[in-house]
Amino acid sequence: MKSFFFLIMFSCTFLLTSCTHSSISTTILADSFISARDHSTRLTNQPFKSVRDAYIYKPIILQKEPIPTLSYQVHSEIPVVEDSFLFPESYTELPGIYTFRGNHLRTAPAYGTFHTKTLELASSWTFQTNSHHKWGGGAGWTGQPSIVKWDQDMLEMMNVYKEFKKKDNLVEVIYGSLDGSVYFLDLETGKKTRDSIYIGGPIKGSVTIDPRGYPLLYVGQGIPDHSPIGYRIFSLLNGEMLHFIEGIDSKAYRKWGAFDGSALINRETDQLIIAGENGLFYKITLHTQFDKEARTILVEPKTVKWSYQIDGNPYQGIENSVSIYKNIAYFADNGGSVIALDLQDMQPIFALPKTDDTDATIVIEPEQDIPMIYTGTEVDHQGSKGNALIRKIHGLTGKVMWKTDYPAYSIPDVNGGVLATPIIGKNDISELVIFSIARYNTLQSGLLVALNKETGEEIWKRELDHYAWSSPIDVYSEEGTSYIVQAESAGNIHFIEGSSGKILDTIHLNSNIEATPAIYENKIVVANRGGEIHCVVIQ
């Protein structure tokens with residue numbers, strides 16, 4: 001039956017208000033671009049004031065106001081109606097890492113804990129990928145693998161090799177490579193568990209596996225090559241492509257079709273969230289049909305696209321992965337504008353003005369049911385030298401709670417500043433947010449810095465001889481002690497004490513590591529630009 005395309009245009013604006021706050025420590029608590037009234041007059045779901053009241057997890061309902069600097073359009077294959085989109089508190093109930101940084105808040109890059117006495121790193125195995133004629137193999141930025149422990153029934157259905165169908169407790173590493181293939185490896189041995197999937201062009205971002213345990217792979221293409229560029233969904237029963245999102249889109253203001261972001265899947269509403277370098281934001285209802293008895297899986301996606309323009313920000317394109325708290329999505333663009341979007345009605349909450357290119361993914365930490373977001377910029381549009389801006393932002397108003405900056409250098413296409421997604425500290429570092437800054441002080445060096453979440457005050461810093469695009473990972477011992485894994489451009493992985501920044505051990509993995517590791521218990525998996533996928537053990 002012929003489908004009708006509905007175009008709904010909104011030209012919405014928020015009233016800008018100006019507010020000045022006192023400064024704390026060396027940070028600045030003033031920002032003239034606050035896009036809403038005080039949040040206490042806007043929220044209809046204020047946290048319960050009495051400890052006797054039970055906490056109810058429910059959507060945040062906001063009274064939206066116009067944003068004079070923002071115009072946007074909603075493009076939909078079906079009539080756009082307000083839906084009950086609410087992300088579950090837990091991204092998945094299954095063991096493993098299913099998307100970039102592990103969850104919808106982008107704060108869980110490691111699964112499980114580890115037990116060790118020596119706190120040393122040791123190589124476990126290495127796998128050699130193929131090589132693209134221009135981009136090589138291995139993985140680039142962001143390049144995080146997914147690591148999944150399948151149940152036995154699912155293994156029997158999928159096209160894994162016979163020897164692995166019978167293996168107890170198979171944990172599978174699923175890795176997108178710059179050579180254009182997705183590889184499937186046994187976490188224990190590094191052996192291939194099934195045939196790779198070739199998508200037709202280099203993969204720069206991080207794959208997503210369905211958090212419901214469904215045999216679905218979601219992967220973006222980073223560079224045009226032998227196939228149309230866009231975003232793909234594959235069946236992991238047989239490797240068949242089920243759906244393709246064309247990156248070159250007439251509704252987009254930018255005609256660059258790459259997808260470097262890693263999708264989020266709402267396991268309760270059967271919806272996919274992704275944003276593209278074409279500047280479009282996608283909310284897709286998958287209509288997944290998984291028949292375990294027949295061993296078939298299908299999707300029949302219906303797509304809502306959101307395009308926008310911000311006055312004074314000519315830079316279209318979204319390279320970071322979307323973060324979500326409840327029903328509010330957060331992302332930043334190539335101009336450094338930070339946007340908050342209500343996924344229930346596809347209306348914006350705030351859109352901050354241009355800063356500098358922001359590719360690092362926003363991380364979220366709720367404070368008394370108020371989402372606080374942390375973000376950092378590159379040094380790109382500023383030229384060969386500038387400052388990486390780091391901010392904590394109120395997730396319901398856009399108010400900057402504090403900000404600080406660090407000097408960095410840049411060269412074309414290999415920028416400095418914040419390209420790594422920060423750590424939201426837990427346990428003994430619960431008061432810290434930790435950023436990695438590339439090309440700090442010199443073109444080759446870097447900085448790992450821990451800031452107080454409340455004030456932005458610098459607590460410790462560790463200068464590195466070699467800069468990092470790779471995102472730092474927080475991992476914890478069984479006793480709850482924090483450690484940081486930081487890979488960098490000389491091919492080293494540093495194992496660092498979380499509370500002090502002291503380097504405890506270092507292992508060299510042969511060539512530049514732009515990719516972000518994933519950690520499963522005591523095993524670190526990461527690829528380098530030299531065509532290798534490595535597994536390193538914390539022992």
# chains A, B, ... in the order shown; residues from 1 in each chain; ligands from 1
>>> select_by_dssp(residues="region 143-328 of chain A", states="strand (DSSP E or B)", output="PyMOL selection string")
chain A and resi 146-149+171-176+181-186+192+197-198+208-209+216-220+230-235+241-246+264-266+271-275+281-285+289-291+296-298+302-310+313+323-325+328
>>> closest_atom_pairs(of="region 211-326 of chain A", to="region 92-101 of chain A", cutoff="10 Å", atoms="only C-alpha atoms", output="JSON lines")
{"residue": "A:Pro211", "atom": "CA", "partner": "A:Thr92", "partner_atom": "CA", "distance": 5.1}
{"residue": "A:Arg212", "atom": "CA", "partner": "A:Thr92", "partner_atom": "CA", "distance": 6.7}
{"residue": "A:Gly213", "atom": "CA", "partner": "A:Leu94", "partner_atom": "CA", "distance": 7.2}
{"residue": "A:Leu217", "atom": "CA", "partner": "A:Tyr98", "partner_atom": "CA", "distance": 9.8}
{"residue": "A:Tyr218", "atom": "CA", "partner": "A:Thr99", "partner_atom": "CA", "distance": 9.4}
{"residue": "A:Gly261", "atom": "CA", "partner": "A:Phe100", "partner_atom": "CA", "distance": 8.3}
{"residue": "A:Ser262", "atom": "CA", "partner": "A:Phe100", "partner_atom": "CA", "distance": 5.8}
{"residue": "A:Ala263", "atom": "CA", "partner": "A:Thr99", "partner_atom": "CA", "distance": 7.0}
{"residue": "A:Leu264", "atom": "CA", "partner": "A:Thr99", "partner_atom": "CA", "distance": 7.0}
{"residue": "A:Ile265", "atom": "CA", "partner": "A:Thr99", "partner_atom": "CA", "distance": 9.0}
{"residue": "A:Asn266", "atom": "CA", "partner": "A:Thr92", "partner_atom": "CA", "distance": 9.3}
{"residue": "A:Arg267", "atom": "CA", "partner": "A:Thr92", "partner_atom": "CA", "distance": 7.7}
{"residue": "A:Ser321", "atom": "CA", "partner": "A:Phe100", "partner_atom": "CA", "distance": 7.6}
{"residue": "A:Val322", "atom": "CA", "partner": "A:Phe100", "partner_atom": "CA", "distance": 9.9}
>>> atom_distance(atom1="CA of Gly138 (chain A)", atom2="CA of Pro517 (chain A)")
12.4 Å
>>> residues_around(residues="Val475 (chain A)", least_positions_apart="2", cutoff="12 Å", atoms="only C-alpha atoms", output="PDB file with N, CA, C and O atoms, in the first residue's frame")
ATOM      1  N   THR A 107      27.760   6.094  30.342  1.00  0.00           N
ATOM      2  CA  THR A 107      28.588   6.111  31.551  1.00  0.00           C
ATOM      3  C   THR A 107      29.029   4.725  32.010  1.00  0.00           C
ATOM      4  O   THR A 107      29.516   4.583  33.139  1.00  0.00           O
ATOM      5  N   ALA A 108      28.876   3.692  31.169  1.00  0.00           N
ATOM      6  CA  ALA A 108      29.173   2.331  31.613  1.00  0.00           C
ATOM      7  C   ALA A 108      30.045   1.600  30.585  1.00  0.00           C
ATOM      8  O   ALA A 108      29.619   0.633  29.957  1.00  0.00           O
ATOM      9  N   PRO A 109      31.303   2.039  30.404  1.00  0.00           N
ATOM     10  CA  PRO A 109      32.160   1.436  29.378  1.00  0.00           C
ATOM     11  C   PRO A 109      32.779   0.103  29.779  1.00  0.00           C
ATOM     12  O   PRO A 109      33.448  -0.531  28.964  1.00  0.00           O
ATOM     13  N   ALA A 110      32.575  -0.308  31.032  1.00  0.00           N
ATOM     14  CA  ALA A 110      33.115  -1.586  31.495  1.00  0.00           C
ATOM     15  C   ALA A 110      31.996  -2.406  32.113  1.00  0.00           C
ATOM     16  O   ALA A 110      31.120  -1.866  32.802  1.00  0.00           O
ATOM     17  N   TYR A 111      32.051  -3.725  31.869  1.00  0.00           N
ATOM     18  CA  TYR A 111      31.077  -4.628  32.483  1.00  0.00           C
ATOM     19  C   TYR A 111      31.781  -5.463  33.550  1.00  0.00           C
ATOM     20  O   TYR A 111      32.821  -6.073  33.306  1.00  0.00           O
ATOM     21  N   GLY A 112      31.185  -5.505  34.730  1.00  0.00           N
ATOM     22  CA  GLY A 112      31.711  -6.338  35.795  1.00  0.00           C
ATOM     23  C   GLY A 112      32.872  -5.693  36.535  1.00  0.00           C
ATOM     24  O   GLY A 112      33.230  -4.533  36.306  1.00  0.00           O
ATOM     25  N   THR A 113      33.461  -6.458  37.434  1.00  0.00           N
ATOM     26  CA  THR A 113      34.619  -6.018  38.213  1.00  0.00           C
ATOM     27  C   THR A 113      35.744  -7.031  38.009  1.00  0.00           C
ATOM     28  O   THR A 113      35.570  -8.044  37.336  1.00  0.00           O
ATOM     29  N   PHE A 114      36.890  -6.739  38.613  1.00  0.00           N
ATOM     30  CA  PHE A 114      38.010  -7.666  38.483  1.00  0.00           C
ATOM     31  C   PHE A 114      38.647  -7.894  39.845  1.00  0.00           C
ATOM     32  O   PHE A 114      38.534  -7.063  40.758  1.00  0.00           O
ATOM     33  N   HIS A 115      39.344  -9.014  39.966  1.00  0.00           N
ATOM     34  CA  HIS A 115      40.093  -9.322  41.180  1.00  0.00           C
ATOM     35  C   HIS A 115      41.555  -9.492  40.802  1.00  0.00           C
ATOM     36  O   HIS A 115      41.896 -10.268  39.911  1.00  0.00           O
ATOM     37  N   ILE A 423      34.736  10.420  31.722  1.00  0.00           N
ATOM     38  CA  ILE A 423      34.324   9.434  32.729  1.00  0.00           C
ATOM     39  C   ILE A 423      33.476  10.126  33.788  1.00  0.00           C
ATOM     40  O   ILE A 423      33.841  11.173  34.307  1.00  0.00           O
ATOM     41  N   ILE A 424      32.341   9.533  34.110  1.00  0.00           N
ATOM     42  CA  ILE A 424      31.578   9.903  35.304  1.00  0.00           C
ATOM     43  C   ILE A 424      32.026   8.962  36.415  1.00  0.00           C
ATOM     44  O   ILE A 424      31.758   7.761  36.376  1.00  0.00           O
ATOM     45  N   GLY A 425      32.748   9.504  37.400  1.00  0.00           N
ATOM     46  CA  GLY A 425      33.318   8.671  38.441  1.00  0.00           C
ATOM     47  C   GLY A 425      32.274   8.043  39.346  1.00  0.00           C
ATOM     48  O   GLY A 425      31.196   8.599  39.570  1.00  0.00           O
ATOM     49  N   LYS A 426      32.625   6.884  39.888  1.00  0.00           N
ATOM     50  CA  LYS A 426      31.761   6.143  40.799  1.00  0.00           C
ATOM     51  C   LYS A 426      32.598   5.674  41.992  1.00  0.00           C
ATOM     52  O   LYS A 426      33.826   5.802  41.996  1.00  0.00           O
ATOM     53  N   ASN A 427      31.942   5.131  42.989  1.00  0.00           N
ATOM     54  CA  ASN A 427      32.625   4.585  44.169  1.00  0.00           C
ATOM     55  C   ASN A 427      33.574   5.615  44.784  1.00  0.00           C
ATOM     56  O   ASN A 427      33.161   6.699  45.135  1.00  0.00           O
ATOM     57  N   ASP A 428      34.872   5.306  44.850  1.00  0.00           N
ATOM     58  CA  ASP A 428      35.811   6.207  45.521  1.00  0.00           C
ATOM     59  C   ASP A 428      36.150   7.447  44.703  1.00  0.00           C
ATOM     60  O   ASP A 428      36.839   8.348  45.203  1.00  0.00           O
ATOM     61  N   ILE A 429      35.674   7.528  43.465  1.00  0.00           N
ATOM     62  CA  ILE A 429      35.862   8.749  42.665  1.00  0.00           C
ATOM     63  C   ILE A 429      34.499   9.319  42.258  1.00  0.00           C
ATOM     64  O   ILE A 429      34.361   9.945  41.206  1.00  0.00           O
ATOM     65  N   PRO A 472      38.933   7.484  27.893  1.00  0.00           N
ATOM     66  CA  PRO A 472      39.355   6.749  29.086  1.00  0.00           C
ATOM     67  C   PRO A 472      38.216   5.890  29.623  1.00  0.00           C
ATOM     68  O   PRO A 472      37.041   6.227  29.473  1.00  0.00           O
ATOM     69  N   ILE A 473      38.560   4.791  30.256  1.00  0.00           N
ATOM     70  CA  ILE A 473      37.590   3.837  30.798  1.00  0.00           C
ATOM     71  C   ILE A 473      37.779   3.744  32.308  1.00  0.00           C
ATOM     72  O   ILE A 473      38.903   3.591  32.793  1.00  0.00           O
ATOM     73  N   SER A 477      37.699  -2.648  40.983  1.00  0.00           N
ATOM     74  CA  SER A 477      37.996  -3.943  41.583  1.00  0.00           C
ATOM     75  C   SER A 477      36.773  -4.448  42.346  1.00  0.00           C
ATOM     76  O   SER A 477      35.801  -3.717  42.542  1.00  0.00           O
ATOM     77  N   GLU A 478      36.833  -5.691  42.777  1.00  0.00           N
ATOM     78  CA  GLU A 478      35.736  -6.262  43.552  1.00  0.00           C
ATOM     79  C   GLU A 478      35.498  -5.482  44.832  1.00  0.00           C
ATOM     80  O   GLU A 478      34.377  -5.426  45.348  1.00  0.00           O
ATOM     81  N   GLU A 479      36.541  -4.840  45.327  1.00  0.00           N
ATOM     82  CA  GLU A 479      36.424  -4.052  46.557  1.00  0.00           C
ATOM     83  C   GLU A 479      35.882  -2.650  46.286  1.00  0.00           C
ATOM     84  O   GLU A 479      35.641  -1.887  47.227  1.00  0.00           O
ATOM     85  N   GLY A 480      35.715  -2.278  45.002  1.00  0.00           N
ATOM     86  CA  GLY A 480      35.179  -0.976  44.654  1.00  0.00           C
ATOM     87  C   GLY A 480      36.229   0.086  44.364  1.00  0.00           C
ATOM     88  O   GLY A 480      35.885   1.251  44.150  1.00  0.00           O
ATOM     89  N   THR A 481      37.499  -0.286  44.373  1.00  0.00           N
ATOM     90  CA  THR A 481      38.570   0.674  44.089  1.00  0.00           C
ATOM     91  C   THR A 481      38.600   0.997  42.602  1.00  0.00           C
ATOM     92  O   THR A 481      38.491   0.106  41.750  1.00  0.00           O
ATOM     93  N   SER A 482      38.764   2.267  42.285  1.00  0.00           N
ATOM     94  CA  SER A 482      38.689   2.730  40.892  1.00  0.00           C
ATOM     95  C   SER A 482      40.051   2.710  40.206  1.00  0.00           C
ATOM     96  O   SER A 482      41.083   3.037  40.809  1.00  0.00           O
ATOM     97  N   TYR A 483      40.015   2.364  38.915  1.00  0.00           N
ATOM     98  CA  TYR A 483      41.190   2.438  38.061  1.00  0.00           C
ATOM     99  C   TYR A 483      40.740   2.981  36.708  1.00  0.00           C
ATOM    100  O   TYR A 483      39.564   2.883  36.334  1.00  0.00           O
ATOM    101  N   ILE A 484      41.682   3.544  35.975  1.00  0.00           N
ATOM    102  CA  ILE A 484      41.395   4.115  34.663  1.00  0.00           C
ATOM    103  C   ILE A 484      42.282   3.447  33.631  1.00  0.00           C
ATOM    104  O   ILE A 484      43.492   3.259  33.856  1.00  0.00           O
ATOM    105  N   VAL A 485      41.698   3.111  32.510  1.00  0.00           N
ATOM    106  CA  VAL A 485      42.445   2.596  31.361  1.00  0.00           C
ATOM    107  C   VAL A 485      42.447   3.683  30.296  1.00  0.00           C
ATOM    108  O   VAL A 485      41.381   4.104  29.833  1.00  0.00           O
ATOM    109  N   GLN A 486      43.627   4.157  29.922  1.00  0.00           N
ATOM    110  CA  GLN A 486      43.755   5.204  28.915  1.00  0.00           C
ATOM    111  C   GLN A 486      44.701   4.743  27.813  1.00  0.00           C
ATOM    112  O   GLN A 486      45.892   4.540  28.039  1.00  0.00           O
ATOM    113  N   PHE A 495      47.500   1.952  32.759  1.00  0.00           N
ATOM    114  CA  PHE A 495      46.621   1.537  33.843  1.00  0.00           C
ATOM    115  C   PHE A 495      46.875   2.487  35.004  1.00  0.00           C
ATOM    116  O   PHE A 495      47.993   2.559  35.527  1.00  0.00           O
ATOM    117  N   ILE A 496      45.845   3.239  35.416  1.00  0.00           N
ATOM    118  CA  ILE A 496      46.025   4.415  36.252  1.00  0.00           C
ATOM    119  C   ILE A 496      45.162   4.322  37.503  1.00  0.00           C
ATOM    120  O   ILE A 496      44.010   3.878  37.443  1.00  0.00           O
ATOM    121  N   GLU A 497      45.709   4.753  38.608  1.00  0.00           N
ATOM    122  CA  GLU A 497      44.946   4.818  39.852  1.00  0.00           C
ATOM    123  C   GLU A 497      43.908   5.936  39.749  1.00  0.00           C
ATOM    124  O   GLU A 497      44.246   7.094  39.491  1.00  0.00           O
ATOM    125  N   GLY A 498      42.627   5.590  39.951  1.00  0.00           N
ATOM    126  CA  GLY A 498      41.560   6.546  39.708  1.00  0.00           C
ATOM    127  C   GLY A 498      41.543   7.723  40.665  1.00  0.00           C
ATOM    128  O   GLY A 498      41.173   8.835  40.286  1.00  0.00           O
ATOM    129  N   PRO A 517      38.530   1.370  24.102  1.00  0.00           N
ATOM    130  CA  PRO A 517      38.384  -0.021  24.548  1.00  0.00           C
ATOM    131  C   PRO A 517      37.004  -0.285  25.144  1.00  0.00           C
ATOM    132  O   PRO A 517      36.275   0.622  25.530  1.00  0.00           O
ATOM    133  N   ALA A 518      36.667  -1.551  25.222  1.00  0.00           N
ATOM    134  CA  ALA A 518      35.578  -2.031  26.075  1.00  0.00           C
ATOM    135  C   ALA A 518      36.188  -3.040  27.032  1.00  0.00           C
ATOM    136  O   ALA A 518      37.143  -3.751  26.680  1.00  0.00           O
ATOM    137  N   ILE A 519      35.641  -3.100  28.230  1.00  0.00           N
ATOM    138  CA  ILE A 519      36.199  -3.991  29.247  1.00  0.00           C
ATOM    139  C   ILE A 519      35.114  -4.940  29.734  1.00  0.00           C
ATOM    140  O   ILE A 519      34.014  -4.508  30.107  1.00  0.00           O
ATOM    141  N   TYR A 520      35.434  -6.226  29.719  1.00  0.00           N
ATOM    142  CA  TYR A 520      34.542  -7.261  30.246  1.00  0.00           C
ATOM    143  C   TYR A 520      35.284  -7.940  31.390  1.00  0.00           C
ATOM    144  O   TYR A 520      36.259  -8.658  31.176  1.00  0.00           O
ATOM    145  N   GLU A 521      34.846  -7.641  32.619  1.00  0.00           N
ATOM    146  CA  GLU A 521      35.506  -8.124  33.837  1.00  0.00           C
ATOM    147  C   GLU A 521      36.975  -7.698  33.822  1.00  0.00           C
ATOM    148  O   GLU A 521      37.251  -6.502  33.924  1.00  0.00           O
ATOM    149  N   ASN A 522      37.932  -8.608  33.636  1.00  0.00           N
ATOM    150  CA  ASN A 522      39.345  -8.192  33.663  1.00  0.00           C
ATOM    151  C   ASN A 522      39.977  -8.157  32.271  1.00  0.00           C
ATOM    152  O   ASN A 522      41.198  -8.058  32.146  1.00  0.00           O
ATOM    153  N   LYS A 523      39.161  -8.220  31.216  1.00  0.00           N
ATOM    154  CA  LYS A 523      39.689  -8.267  29.849  1.00  0.00           C
ATOM    155  C   LYS A 523      39.397  -6.956  29.115  1.00  0.00           C
ATOM    156  O   LYS A 523      38.242  -6.534  29.014  1.00  0.00           O
ATOM    157  N   ILE A 524      40.441  -6.341  28.586  1.00  0.00           N
ATOM    158  CA  ILE A 524      40.358  -5.099  27.820  1.00  0.00           C
ATOM    159  C   ILE A 524      40.496  -5.443  26.341  1.00  0.00           C
ATOM    160  O   ILE A 524      41.464  -6.099  25.947  1.00  0.00           O
ATOM    161  N   ILE A 538      43.930  -7.589  32.807  1.00  0.00           N
ATOM    162  CA  ILE A 538      44.359  -6.990  34.070  1.00  0.00           C
ATOM    163  C   ILE A 538      44.641  -8.145  35.027  1.00  0.00           C
ATOM    164  O   ILE A 538      43.736  -8.896  35.377  1.00  0.00           O
TER     165      ILE A 538
END
>>> residues_around(residues="Ile229 (chain A)", least_positions_apart="5", cutoff="9 Å", atoms="only C-alpha atoms", output="CSV table (one decimal) with all heavy atoms, in the first residue's frame")
chain,number,residue,atom,x,y,z
A,200,GLY,N,30.9,-2.6,3.0
A,200,GLY,CA,31.1,-1.9,1.7
A,200,GLY,C,31.9,-0.6,1.9
A,200,GLY,O,32.2,0.1,0.9
A,201,GLY,N,32.3,-0.3,3.1
A,201,GLY,CA,33.1,0.9,3.3
A,201,GLY,C,33.6,1.0,4.7
A,201,GLY,O,33.0,0.3,5.6
A,220,GLY,N,27.1,1.8,11.5
A,220,GLY,CA,27.2,3.0,10.6
A,220,GLY,C,28.5,2.9,9.7
A,220,GLY,O,29.5,2.3,10.1
A,221,GLN,N,28.4,3.5,8.5
A,221,GLN,CA,29.5,3.6,7.6
A,221,GLN,C,30.1,5.0,7.7
A,221,GLN,O,29.4,6.0,7.8
A,221,GLN,CB,29.1,3.3,6.2
A,221,GLN,CG,30.2,3.3,5.1
A,221,GLN,CD,29.6,2.9,3.8
A,221,GLN,OE1,28.6,2.3,3.6
A,221,GLN,NE2,30.3,3.4,2.7
A,222,GLY,N,31.5,5.0,7.8
A,222,GLY,CA,32.1,6.3,8.0
A,222,GLY,C,32.7,7.0,6.8
A,222,GLY,O,32.9,8.2,6.8
A,223,ILE,N,32.9,6.2,5.7
A,223,ILE,CA,33.5,6.8,4.5
A,223,ILE,C,32.8,6.2,3.3
A,223,ILE,O,32.6,5.0,3.2
A,223,ILE,CB,35.0,6.4,4.4
A,223,ILE,CG1,35.8,7.0,5.7
A,223,ILE,CG2,35.7,6.9,3.2
A,223,ILE,CD1,35.8,8.5,5.7
A,224,PRO,N,32.5,7.0,2.2
A,224,PRO,CA,31.9,6.5,1.0
A,224,PRO,C,32.9,5.5,0.3
A,224,PRO,O,34.1,5.8,0.3
A,224,PRO,CB,31.7,7.7,0.1
A,224,PRO,CG,31.7,8.9,1.1
A,224,PRO,CD,32.6,8.5,2.2
A,245,ILE,N,19.5,2.9,6.0
A,245,ILE,CA,19.2,4.3,6.1
A,245,ILE,C,20.2,5.0,5.2
A,245,ILE,O,21.4,5.0,5.5
A,245,ILE,CB,19.3,4.8,7.6
A,245,ILE,CG1,18.4,4.0,8.5
A,245,ILE,CG2,19.0,6.3,7.6
A,245,ILE,CD1,18.6,4.3,10.0
A,246,GLU,N,19.6,5.7,4.2
A,246,GLU,CA,20.5,6.4,3.2
A,246,GLU,C,21.0,7.7,3.9
A,246,GLU,O,20.2,8.5,4.4
A,246,GLU,CB,19.6,6.7,2.0
A,246,GLU,CG,20.3,7.6,1.0
A,246,GLU,CD,21.5,6.9,0.3
A,246,GLU,OE1,21.3,5.9,-0.3
A,246,GLU,OE2,22.7,7.4,0.5
A,247,GLY,N,22.3,7.8,3.9
A,247,GLY,CA,22.9,9.0,4.5
A,247,GLY,C,22.8,10.2,3.7
A,247,GLY,O,22.7,11.3,4.3
A,248,ILE,N,22.7,10.1,2.4
A,248,ILE,CA,22.5,11.3,1.6
A,248,ILE,C,21.0,11.5,1.5
A,248,ILE,O,20.3,10.7,0.8
A,248,ILE,CB,23.2,11.1,0.2
A,248,ILE,CG1,24.6,10.7,0.3
A,248,ILE,CG2,23.0,12.4,-0.7
A,248,ILE,CD1,25.5,11.8,1.0
A,256,TRP,N,26.6,15.0,3.5
A,256,TRP,CA,27.7,14.0,3.9
A,256,TRP,C,27.0,13.0,4.7
A,256,TRP,O,26.4,13.2,5.7
A,256,TRP,CB,28.8,14.7,4.7
A,256,TRP,CG,29.8,13.8,5.2
A,256,TRP,CD1,30.1,13.4,6.5
A,256,TRP,CD2,30.8,13.1,4.4
A,256,TRP,NE1,31.1,12.5,6.5
A,256,TRP,CE2,31.6,12.4,5.3
A,256,TRP,CE3,31.2,13.1,3.0
A,256,TRP,CZ2,32.7,11.6,4.8
A,256,TRP,CZ3,32.2,12.4,2.6
A,256,TRP,CH2,33.0,11.6,3.5
A,257,GLY,N,27.1,11.7,4.2
A,257,GLY,CA,26.2,10.7,4.7
A,257,GLY,C,26.7,9.7,5.7
A,257,GLY,O,26.1,8.7,6.0
A,258,ALA,N,27.8,10.1,6.4
A,258,ALA,CA,28.5,9.2,7.3
A,258,ALA,C,27.7,9.1,8.6
A,258,ALA,O,27.0,10.0,9.0
A,258,ALA,CB,29.9,9.6,7.6
A,259,PHE,N,27.8,8.0,9.3
A,259,PHE,CA,27.3,7.8,10.7
A,259,PHE,C,28.4,7.3,11.5
A,259,PHE,O,28.8,6.1,11.4
A,259,PHE,CB,26.2,6.7,10.7
A,259,PHE,CG,24.9,7.2,10.1
A,259,PHE,CD1,24.6,7.3,8.7
A,259,PHE,CD2,23.9,7.7,11.0
A,259,PHE,CE1,23.4,7.7,8.2
A,259,PHE,CE2,22.7,8.2,10.5
A,259,PHE,CZ,22.4,8.2,9.1
>>> residues_around(residues="Phe435 (chain A)", least_positions_apart="2", cutoff="9 Å", atoms="only C-alpha atoms", output="list in words")
Gly376, Ile390, Val418, Ala420, Thr421, Pro422, Ile423, Val433, Ile437, Leu447, Leu448, Val449, Ala450, Leu451, Ser471 and Pro472 of chain A
>>> write_last_selection(atoms="N, CA, C and O atoms", output="tab-separated table (two decimals), in the first residue's frame")
chain	number	residue	atom	x	y	z
A	376	GLY	N	32.70	18.54	26.29
A	376	GLY	CA	33.94	19.26	25.99
A	376	GLY	C	34.11	19.44	24.49
A	376	GLY	O	33.63	18.64	23.70
A	390	ILE	N	35.31	23.00	28.53
A	390	ILE	CA	34.65	21.92	29.29
A	390	ILE	C	33.54	22.55	30.12
A	390	ILE	O	33.76	23.55	30.81
A	418	VAL	N	39.14	18.10	23.25
A	418	VAL	CA	38.40	16.96	23.79
A	418	VAL	C	37.75	16.19	22.64
A	418	VAL	O	36.78	16.64	22.06
A	420	ALA	N	37.78	12.66	23.29
A	420	ALA	CA	37.45	11.48	24.11
A	420	ALA	C	36.23	11.78	24.98
A	420	ALA	O	36.09	12.87	25.53
A	421	THR	N	35.37	10.80	25.11
A	421	THR	CA	34.21	10.92	25.99
A	421	THR	C	34.66	10.80	27.44
A	421	THR	O	35.46	9.92	27.78
A	422	PRO	N	34.19	11.70	28.33
A	422	PRO	CA	34.68	11.70	29.71
A	422	PRO	C	34.13	10.57	30.57
A	422	PRO	O	33.17	9.88	30.20
A	423	ILE	N	34.74	10.42	31.72
A	423	ILE	CA	34.32	9.43	32.73
A	423	ILE	C	33.48	10.13	33.79
A	423	ILE	O	33.84	11.17	34.31
A	433	VAL	N	34.62	14.02	37.66
A	433	VAL	CA	34.42	13.79	36.23
A	433	VAL	C	35.80	13.95	35.59
A	433	VAL	O	36.55	14.88	35.92
A	437	ILE	N	42.40	15.34	27.23
A	437	ILE	CA	42.57	16.46	26.31
A	437	ILE	C	43.75	16.17	25.39
A	437	ILE	O	44.88	15.95	25.86
A	447	LEU	N	46.67	15.34	28.14
A	447	LEU	CA	46.40	15.57	29.55
A	447	LEU	C	45.17	14.78	29.97
A	447	LEU	O	44.15	14.78	29.27
A	448	LEU	N	45.27	14.10	31.09
A	448	LEU	CA	44.13	13.47	31.75
A	448	LEU	C	43.87	14.27	33.02
A	448	LEU	O	44.78	14.42	33.85
A	449	VAL	N	42.66	14.81	33.17
A	449	VAL	CA	42.40	15.72	34.28
A	449	VAL	C	41.10	15.35	34.98
A	449	VAL	O	40.09	15.06	34.33
A	450	ALA	N	41.15	15.34	36.30
A	450	ALA	CA	39.98	15.02	37.13
A	450	ALA	C	39.46	16.31	37.75
A	450	ALA	O	40.20	17.05	38.41
A	451	LEU	N	38.17	16.58	37.52
A	451	LEU	CA	37.52	17.79	38.01
A	451	LEU	C	36.43	17.44	39.01
A	451	LEU	O	35.77	16.40	38.88
A	471	SER	N	38.84	7.24	24.34
A	471	SER	CA	38.17	7.63	25.57
A	471	SER	C	38.70	6.82	26.76
A	471	SER	O	38.88	5.60	26.66
A	472	PRO	N	38.93	7.48	27.89
A	472	PRO	CA	39.36	6.75	29.09
A	472	PRO	C	38.22	5.89	29.62
A	472	PRO	O	37.04	6.23	29.47
